[in-house]
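Data block below; observations after.
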Amino acid sequence: MKHQETAQEIIKAVGGTNNINSVYHCVTRLRFDLKDNEKVDNGSLKKLDKVMGTNISGDQFQVIIGNDVAKVFDAMVKENPAIQQTTENKEPKSDKKQNVVLKIFETIAGVFAPMLPAITAAGMLKGLLALFVSVGWMSAGTDTYRILSAIGDGVFHYLPLLIAVSAARKFGSNPFVAIALGTALMYPDMTALLSSGESVGFLGIPVTAVSYASSVIPILLAVWLMSYVEKWVDRVIPAALKLLLVPLITLLVMVPVTLIAIGPLGTFVGSGLSGGINWLLNEGGLIAGIVLGGAMALIIMTGMHYALVPIILSNIATLGFDKFLPLTFISNMGQAGATLGVFFRAKDKKLKTVALSTSFTALMGVTEPAMYGVNMKYKKPFAAAMIGSAVGGGFALAFGAKAYVLAGNGGLPGLPSLIGQTFWYSFGGMILAFIVGAIMSTIFGIKEEEGDAEALAQFSPGASTAPAKVVSNDATTVNVDDMGDPTPTSDAVAVAPMTGKSIPLKEVNDPTFGDELMGKGVAFVPTVGELVSPVTGTIMNVFKTKHAIVVRSDNGMELLIHVGINTVKLRGQYFDAHVATGARVQAGDKLLTFELTEITKEYDITTAMVVTNTADYKQVLPVKLGEITMGEDVLKAEI
């Protein structure tokens with residue numbers, strides 16, 4: 001599905017543009033502020049190829065996309081200018097009441113998420129430079145090193161300017177005026193004045209000496225307050241003078257206020273928060289590592305880790321290291337290990353493939369496919385991941401593991417950010433989390449869904465479909481073994497088992513059928529909740545979940561009819577079987593009835609009809625595609 005189509009389907013599933021207050025994206029998720037979360041159609045969202053899952057943090061509704069989130073977001077705002085205005089120009093007011101703490105977390109996340117590409121790129125470069133110097137590939141005194149170092153250090157030195165732009169967009173103020181505020185604080189002469197050691201005053205009011213380079217909280221608070229000052233000034237200034245006077249008055253008010261009050265307050269708040277968290281990380285040691293390491297996945301799921309970005313940046317800028325970042329690496333390794341455990345325990349080949357691939361992507365630092373696609377789905381692997389992360393976190397913090405730059409990738413590509421005196425402790429914690437997560441996941445095992453793949457395996461091409469003994473619906477016993485496994489004796493024609501629309505099998509949104517792994521055939525989109533026999537013959541199997549039936553015609557064609565995609569998860573709800581395994585049927589006899597309206601609320605009702613012994617025929621071809629009525633010829637198999 002193209003990004004434009006995905007974007008439109010997501011908008012439709014979250015209740016349409018009228019239900020969207022605002023939306024922005026982080027590294028992997030679309031983050032919606034919706035008017036009413038009850039209008040979201042989660043079932044439709046989870047059916048989309050690009051959607052890995054959904055999550056609610058506070059009142060924020062999150063759609064997890066993964067690496068393509070920026071492309072889907074761009075397509076969304078391109079096709080819907082109204083959404084673009086709410087995300088780029090101002091944050092609309094919501095009628096919902098929201099927890100203040102969660103609102104602060106989401107605000108910080110909204111400010112820092114757009115900046116992460118620049119911050120992570122600079123952090124990665126700083127990590128690589130540290131690696132190159134440590135192994136002797138580059139000297140710290142060369143011009144090349146100094147130029148590359150400027151690329152990495154420049155972003156962090158002028159971080160207040162990046163924050164000013166992003167915060168202005170978040171709070172609905174002019175980003176260029178916000179930049180002007182930031183540049184005034186970081187002007188060289190201002191820096192020299194505040195660092196001179198002499199008393200500084202403005203109109204007789206003392207100004208506290210604060211360094212704004214690499215700072216986070218002061219500029220964030222300043223731009224937040226500026227948004228209110230700017231709006232108030234804009235209301236009282238005549239229209240003809242707005243262009244000149246609004247930015248002028250805003251700056252004349254905000255720069256002194258920031259220097260006198262906000263800067264010192266922000267520095268105090270930032271120091272207090274970072275000091276408290278650093279105290280916990282330093283003094284808590286093993287216990288803090290176990291608790292925070294085990295809980296890290298939950299912290300990331302709620303988006304609370306974004307609230308710690310200012311503290312992490314402040315630690316790196318002032319201390320030269322941060323102790324929280326290694327825990328994010330360790331948590332990712334725990335998820336990767338747990339998913340690998342699913343690979344070892346799963347019986348379903350498709351699940352094994354998914355588990356192995358998502359384990360690799362988690363190792364590379366992208367955990368959403370593993371976390372939401374596998375571990376949380378089966379629950380026990382998620383618990384295994386948390387246990388592995390707790391063990392790894394306890395080990396790392398017990399030895400004082402640190403990160404030295406913010407690389408932005410919590411997987412193997414981000415390892416340069418850990419290079420330093422404590423690298424091996426961090427790396428050891430990662431290895432422990434991976435191994436323990438994999439072992440615990442393997443021990444716990446998973447309760448696989450009564451999966452189609454496992455259940456259908458016995459009906460794969462070439463497999464025997466005959467159970468030893470079956471009972472018909474008229475209570476007569478039929479020994480299917482006596483019937484043998486006959487080779488088709490002539491061409492065979494199947495009639496449509498339902499009324500609706502017949503479509504090529506390749507259009508089924510399930511690779512088991514769409515890639516013709518079970519054999520060739522045809523599919524249907526029913527408009528009536530009734531399934532009849534497509535041939536005269538014998539019912540070989542009625543699945544106990546009643547969503548699928550296998551019938552063999554008298555001339556040897558074996559047909560699997562599977563109603564809906566993933567409807568096995570309904571465990572028989574909304575289905576009624578009117579025949580039993582072993583029953584004799586005529587073409588057109590009723591086999592199943594199902595509640596079409598209820599099923600389509602959660603699942604794709606597309607129904608596949610597959611010739612499971614396709615290999616016995618020269619070709620299997622649809623006879624009619626398009627609108628069709630049950631009983632019409634629809635499929636032909638030629639020997």
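Chain identifiers are assigned as A, B, and so on, following the order in which chains appear in the structure tokens; residues are numbered from 1 within each chain, and ligands are numbered from 1 in order of appearance.
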Going by DSSP on the backbone, which bits of segment 129-345 of chain A are strand (DSSP E)? Write them as an MDAnalysis selection string, please.
chainID A and resid 200:202 205:207
May I have the residues within 8 Å of segment 371-383 of chain A as a PyMOL selection string, using only C-alpha atoms and disregarding those fewer than 4 positions away in the same chain?
chain A and resi 52-53+335+338-339+341-342+355+367+387+437+440-441+444-448
Would you output that residue set with N, CA, C and O atoms, as an mmCIF file, in the first residue's frame?
data_model
loop_
_atom_site.group_PDB
_atom_site.id
_atom_site.type_symbol
_atom_site.label_atom_id
_atom_site.label_comp_id
_atom_site.auth_asym_id
_atom_site.auth_seq_id
_atom_site.Cartn_x
_atom_site.Cartn_y
_atom_site.Cartn_z
ATOM 1 N N MET A 52 2.125 -1.097 12.794
ATOM 2 C CA MET A 52 2.610 -2.174 13.652
ATOM 3 C C MET A 52 1.768 -2.336 14.908
ATOM 4 O O MET A 52 1.789 -3.377 15.545
ATOM 5 N N GLY A 53 1.070 -1.294 15.285
ATOM 6 C CA GLY A 53 0.262 -1.350 16.488
ATOM 7 C C GLY A 53 -0.194 0.039 16.882
ATOM 8 O O GLY A 53 0.089 1.029 16.207
ATOM 9 N N GLN A 335 14.351 -6.895 24.376
ATOM 10 C CA GLN A 335 13.285 -7.162 23.403
ATOM 11 C C GLN A 335 13.772 -8.050 22.273
ATOM 12 O O GLN A 335 13.076 -8.971 21.832
ATOM 13 N N ALA A 338 14.140 -11.670 23.587
ATOM 14 C CA ALA A 338 12.850 -12.320 23.809
ATOM 15 C C ALA A 338 12.215 -12.751 22.491
ATOM 16 O O ALA A 338 11.614 -13.829 22.403
ATOM 17 N N THR A 339 12.344 -11.934 21.472
ATOM 18 C CA THR A 339 11.786 -12.291 20.167
ATOM 19 C C THR A 339 12.532 -13.470 19.557
ATOM 20 O O THR A 339 11.931 -14.318 18.891
ATOM 21 N N GLY A 341 13.741 -15.838 21.314
ATOM 22 C CA GLY A 341 13.166 -16.980 22.017
ATOM 23 C C GLY A 341 11.871 -17.454 21.371
ATOM 24 O O GLY A 341 11.607 -18.662 21.318
ATOM 25 N N VAL A 342 11.072 -16.520 20.897
ATOM 26 C CA VAL A 342 9.846 -16.891 20.173
ATOM 27 C C VAL A 342 10.207 -17.670 18.912
ATOM 28 O O VAL A 342 9.550 -18.651 18.558
ATOM 29 N N ALA A 355 9.491 -13.512 13.810
ATOM 30 C CA ALA A 355 10.245 -13.371 15.054
ATOM 31 C C ALA A 355 11.730 -13.158 14.784
ATOM 32 O O ALA A 355 12.378 -12.314 15.413
ATOM 33 N N THR A 367 12.731 -1.199 17.822
ATOM 34 C CA THR A 367 12.112 -2.262 18.614
ATOM 35 C C THR A 367 10.618 -2.424 18.410
ATOM 36 O O THR A 367 10.047 -3.416 18.849
ATOM 37 N N ILE A 387 12.503 -9.060 32.140
ATOM 38 C CA ILE A 387 13.417 -9.750 33.053
ATOM 39 C C ILE A 387 14.851 -9.616 32.554
ATOM 40 O O ILE A 387 15.777 -9.316 33.322
ATOM 41 N N GLY A 437 16.917 -12.569 28.150
ATOM 42 C CA GLY A 437 15.626 -12.417 27.486
ATOM 43 C C GLY A 437 15.310 -13.593 26.591
ATOM 44 O O GLY A 437 14.183 -14.108 26.565
ATOM 45 N N MET A 440 14.702 -16.818 28.886
ATOM 46 C CA MET A 440 13.420 -16.774 29.583
ATOM 47 C C MET A 440 12.253 -16.910 28.611
ATOM 48 O O MET A 440 11.256 -17.578 28.907
ATOM 49 N N SER A 441 12.392 -16.304 27.445
ATOM 50 C CA SER A 441 11.328 -16.411 26.441
ATOM 51 C C SER A 441 11.194 -17.852 25.958
ATOM 52 O O SER A 441 10.085 -18.354 25.749
ATOM 53 N N PHE A 444 9.552 -19.780 28.909
ATOM 54 C CA PHE A 444 8.138 -19.443 29.055
ATOM 55 C C PHE A 444 7.301 -20.026 27.925
ATOM 56 O O PHE A 444 6.174 -20.467 28.129
ATOM 57 N N GLY A 445 7.866 -19.996 26.714
ATOM 58 C CA GLY A 445 7.111 -20.440 25.556
ATOM 59 C C GLY A 445 5.995 -19.473 25.210
ATOM 60 O O GLY A 445 5.840 -18.413 25.831
ATOM 61 N N ILE A 446 5.211 -19.811 24.240
ATOM 62 C CA ILE A 446 4.083 -18.978 23.830
ATOM 63 C C ILE A 446 2.882 -19.861 23.580
ATOM 64 O O ILE A 446 3.009 -21.032 23.223
ATOM 65 N N LYS A 447 1.729 -19.294 23.791
ATOM 66 C CA LYS A 447 0.497 -19.974 23.445
ATOM 67 C C LYS A 447 0.088 -19.456 22.081
ATOM 68 O O LYS A 447 -0.564 -18.423 21.967
ATOM 69 N N GLU A 448 0.525 -20.174 21.067
ATOM 70 C CA GLU A 448 0.236 -19.706 19.704
ATOM 71 C C GLU A 448 -1.268 -19.703 19.475
ATOM 72 O O GLU A 448 -1.991 -20.539 20.005
#
Report as a PyMOL selection string all protein, DNA and RNA residues lying within 6 Å of segment 557-573 of chain A, evaluated on only C-alpha atoms, omitting residues in the same chain fewer than 6 positions from it.
chain A and resi 545-551+604-612
Given the selection you just returned, output its residues as a file containing C-alpha atoms, formatted as a PDB file, in the first residue's frame.
ATOM      1  CA  THR A 545     -13.434 -22.818  14.824  1.00  0.00           C
ATOM      2  CA  LYS A 546     -15.991 -23.217  12.011  1.00  0.00           C
ATOM      3  CA  HIS A 547     -14.358 -20.558   9.847  1.00  0.00           C
ATOM      4  CA  ALA A 548     -13.015 -23.033   7.268  1.00  0.00           C
ATOM      5  CA  ILE A 549     -14.111 -26.232   5.549  1.00  0.00           C
ATOM      6  CA  VAL A 550     -12.405 -28.780   3.285  1.00  0.00           C
ATOM      7  CA  VAL A 551     -14.524 -30.641   0.734  1.00  0.00           C
ATOM      8  CA  ASP A 604     -11.347  -8.698   6.551  1.00  0.00           C
ATOM      9  CA  ILE A 605     -14.132 -10.986   5.337  1.00  0.00           C
ATOM     10  CA  THR A 606     -12.434 -11.856   2.027  1.00  0.00           C
ATOM     11  CA  THR A 607     -12.938 -15.610   1.548  1.00  0.00           C
ATOM     12  CA  ALA A 608     -10.415 -17.819  -0.248  1.00  0.00           C
ATOM     13  CA  MET A 609     -11.329 -21.027  -2.088  1.00  0.00           C
ATOM     14  CA  VAL A 610      -8.192 -23.004  -2.895  1.00  0.00           C
ATOM     15  CA  VAL A 611      -7.583 -26.257  -4.774  1.00  0.00           C
ATOM     16  CA  THR A 612      -5.188 -27.885  -2.300  1.00  0.00           C
TER      17      THR A 612
END
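You will find atom CA of Leu356 of chain A at 5.9 Å from atom CA of Leu340 of chain A.
The residue that comes closest to Ile119 of chain A, out of A:Ala239, A:Phe132, A:Leu406, A:Leu181 and on the basis of only C-alpha atoms, is A:Leu406.
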From the options A:Leu125, A:Val216, A:Leu193, A:Leu45, which residue's atoms come nearest to Ala150 of chain A, counting only C-alpha atoms?
A:Leu125
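In terms of minimum interatomic distance to Gly420 of chain A, A:Val135 ranks closest within A:Ile539, A:Ala583, A:Val135, A:Ala184, counting only C-alpha atoms.
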Just want the 10 Å neighbourhood of segment 512-522 of chain A, counted on only C-alpha atoms, with same-chain residues fewer than 3 positions away dropped. Output as an MDAnalysis selection string.
chainID A and resid 350 452:453 456:457 459:462 496 502:509 559:562 565 607:615 619:625 634:637
Any idea what's packed within 8 Å of His25 of chain A, counting only C-alpha atoms, ignoring anything in its chain fewer than 5 positions away? Could you give it as a short mmCIF file (atom, residue, chain, number, x, y, z; two decimals) with all heavy atoms, in the first residue's frame?
data_model
loop_
_atom_site.label_atom_id
_atom_site.label_comp_id
_atom_site.auth_asym_id
_atom_site.auth_seq_id
_atom_site.Cartn_x
_atom_site.Cartn_y
_atom_site.Cartn_z
N LEU A 30 3.12 8.05 14.86
CA LEU A 30 2.25 9.20 14.68
C LEU A 30 1.55 9.44 16.00
O LEU A 30 0.99 8.51 16.59
CB LEU A 30 1.20 8.93 13.59
CG LEU A 30 1.71 8.76 12.16
CD1 LEU A 30 0.58 8.29 11.26
CD2 LEU A 30 2.30 10.04 11.63
N ARG A 31 1.61 10.68 16.48
CA ARG A 31 1.04 11.01 17.80
C ARG A 31 -0.13 11.96 17.61
O ARG A 31 0.05 13.12 17.27
CB ARG A 31 2.12 11.60 18.70
CG ARG A 31 3.26 10.60 18.99
CD ARG A 31 4.42 11.26 19.70
NE ARG A 31 5.45 10.30 20.04
CZ ARG A 31 5.55 9.67 21.21
NH1 ARG A 31 4.67 9.94 22.16
NH2 ARG A 31 6.50 8.79 21.43
N VAL A 69 7.55 6.29 9.17
CA VAL A 69 6.59 7.21 9.79
C VAL A 69 6.66 8.60 9.17
O VAL A 69 5.62 9.25 8.96
CB VAL A 69 6.83 7.28 11.31
CG1 VAL A 69 8.18 7.89 11.65
CG2 VAL A 69 5.71 8.07 11.99
N ALA A 70 7.86 9.08 8.84
CA ALA A 70 7.97 10.43 8.27
C ALA A 70 7.28 10.51 6.90
O ALA A 70 6.64 11.50 6.57
CB ALA A 70 9.44 10.83 8.14
N PHE A 73 3.54 10.51 7.45
CA PHE A 73 3.14 11.82 7.98
C PHE A 73 3.13 12.87 6.87
O PHE A 73 2.19 13.66 6.76
CB PHE A 73 4.10 12.24 9.09
CG PHE A 73 3.80 13.61 9.64
CD1 PHE A 73 2.80 13.80 10.58
CD2 PHE A 73 4.52 14.72 9.22
CE1 PHE A 73 2.52 15.06 11.08
CE2 PHE A 73 4.26 15.98 9.72
CZ PHE A 73 3.25 16.16 10.65
N ALA A 113 10.85 15.81 19.59
CA ALA A 113 10.76 14.82 18.52
C ALA A 113 11.23 15.36 17.17
O ALA A 113 12.01 14.70 16.47
CB ALA A 113 9.32 14.30 18.40
N PRO A 114 10.84 16.57 16.73
CA PRO A 114 11.32 17.05 15.43
C PRO A 114 12.82 17.32 15.39
O PRO A 114 13.42 17.35 14.32
CB PRO A 114 10.53 18.37 15.23
CG PRO A 114 9.36 18.26 16.14
CD PRO A 114 9.84 17.49 17.32
#
Using only C-alpha atoms, find the one residue out of A:Asp491, A:Asp554, A:Asp576, A:Glu598 that sits nearest to Tyr617 of chain A.
A:Asp491
